[in-house]
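Right, one structure below, let's go through it.
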Amino acid sequence: MAKHLHVSALALSALIAAGISSQAMAHGDVTPQGVNTEGLTPLGEEWADTNPYRSPNKDFERAVEIGSSAYNQNCARCHGLEAISGGIAPDLRLLAPDFDGDEWFKYRVINGAVRDGKVYMPKMADYLSQEALWAIKTYLDVRHDEME
């Protein structure tokens with residue numbers, strides 16, 4: 001009887017360990033998450049040169065709300081929660097909320113970052129809409145202003 005309980009306990013422990021390790025493996029899934037941009041003015045196919053949702057745009061508040069959620073779902077894994085980098089990837093709060101910052105952001109989300117054949121950042125524009133990405137930049141602009 002004691003041997004049967006020992007084998008059962010061992011089997012249960014193995015199942016629990018397998019469940020925990022599969023959850024840990026799932027954390028490595030970096031598939032971009034969709035972003036609901038309902039409430040933002042559609043921008044069309046051609047990319048804007050500058051952030052169209054920057055204040056005083058009527059969509060500013062909604063863009064910050066959407067951008068915060070979208071950033072934390074799609075960017076925080078590498079760039080840090082609430083855009084505070086832990087050193088793995090650039091601190092995006094340092095992007096200026098102006099043409100230069102927008103130009104760099106637009107270039108990077110469209111082209112990604114590849115060095116020595118390794119993808120350091122995917123081409124996010126292949127996965128997220130222009131509206132979603134400019135909403136993220138709007139959120140980053142707010143985080144930039146909060147730093148000062």
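Each chain in the structure tokens gets a letter, A, B, ..., in the order shown, and its residues are numbered from 1; ligands are numbered from 1 in order too.
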Using only C-alpha atoms, determine which residues lie at most 6 Å from segment 134-137 of chain A, disregarding the query and same-chain residues fewer than 4 positions distant; provide the list as a list in words.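 Here the answer would be Asn51, Ala63, Gly67 and Tyr71 of chain A.
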Generate a file of the selected residues that holds N, CA and C atoms, formatted as a PDB file, in the first residue's frame.
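Written out: selection_26.pdb:
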```
ATOM      1  N   ASN A  51       3.641  61.957 -36.098  1.00  0.00           N
ATOM      2  CA  ASN A  51       2.569  61.366 -35.295  1.00  0.00           C
ATOM      3  C   ASN A  51       1.278  62.169 -35.456  1.00  0.00           C
ATOM      4  N   ALA A  63      -5.706  57.740 -28.147  1.00  0.00           N
ATOM      5  CA  ALA A  63      -4.447  57.176 -28.648  1.00  0.00           C
ATOM      6  C   ALA A  63      -3.522  56.797 -27.491  1.00  0.00           C
ATOM      7  N   GLY A  67      -2.411  53.151 -26.993  1.00  0.00           N
ATOM      8  CA  GLY A  67      -0.963  52.997 -27.071  1.00  0.00           C
ATOM      9  C   GLY A  67      -0.361  52.368 -25.830  1.00  0.00           C
ATOM     10  N   TYR A  71       1.505  48.954 -26.232  1.00  0.00           N
ATOM     11  CA  TYR A  71       2.915  48.922 -25.871  1.00  0.00           C
ATOM     12  C   TYR A  71       3.173  47.781 -24.885  1.00  0.00           C
TER      13      TYR A  71
END
```
Quick one: everything within 7 Å of segment 138-147 of chain A, counting only C-alpha atoms, minus sequence neighbours fewer than 5 positions away in the same chain. Send it as a ChimeraX atom specification. /A:53-54,63-64,67-68,92-94,97
Return as a tab-separated table the residues of segment 35-105 of chain A lying at most 12 Å from segment 114-120 of chain A, together with the closest atom-to-atom pair for each and the distance in Å to one decimal, counting only C-alpha atoms, with rows in chain order and ascending residue number.
```
residue	atom	partner	partner_atom	distance
A:Cys78	CA	A:Tyr120	CA	9.5
A:His79	CA	A:Tyr120	CA	11.5
A:Ile88	CA	A:Tyr120	CA	10.1
A:Ala89	CA	A:Tyr120	CA	8.7
A:Pro90	CA	A:Tyr120	CA	11.1
```
Give the answer as one residue: which of A:Asn74, A:Ser129, A:Asn111, A:Thr31 has the shortest atom-to-atom distance to Glu45 of chain A, using only C-alpha atoms? A:Ser129
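Closest approach to Arg77 of chain A among A:Ala113, A:Pro32, A:Leu133, A:Glu103: A:Pro32, based on only C-alpha atoms.
The protein and nucleic acid residues lying at most 12 Å from Gly44 of chain A are Leu40, Thr41, Trp47, Ala48, Pro52, Ser129, Gln130 and Glu131 of chain A, with only C-alpha atoms considered and sequence neighbours fewer than 3 positions away removed.
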Between atom CA of Glu148 of chain A and atom CA of Thr50 of chain A, what is the distance in Å, rounded to a tenth? 21.7 Å
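Atom pair atom CA of Thr37 of chain A / atom CA of Arg62 of chain A: separated by 8.9 Å.
Proximity to Val109 of chain A was assessed for A:Gly87, A:Glu61, A:Ala125, A:Ala76 counting only C-alpha atoms; the smallest distance is recorded for A:Ala125.
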Would you list, as a ChimeraX atom specification, the residues of segment 28-137 of chain A that end up in helix (DSSP H, G or I) under DSSP run on this structure's backbone? /A:60-74,76-79,81-83,92-94,99-111,124-126,130-137
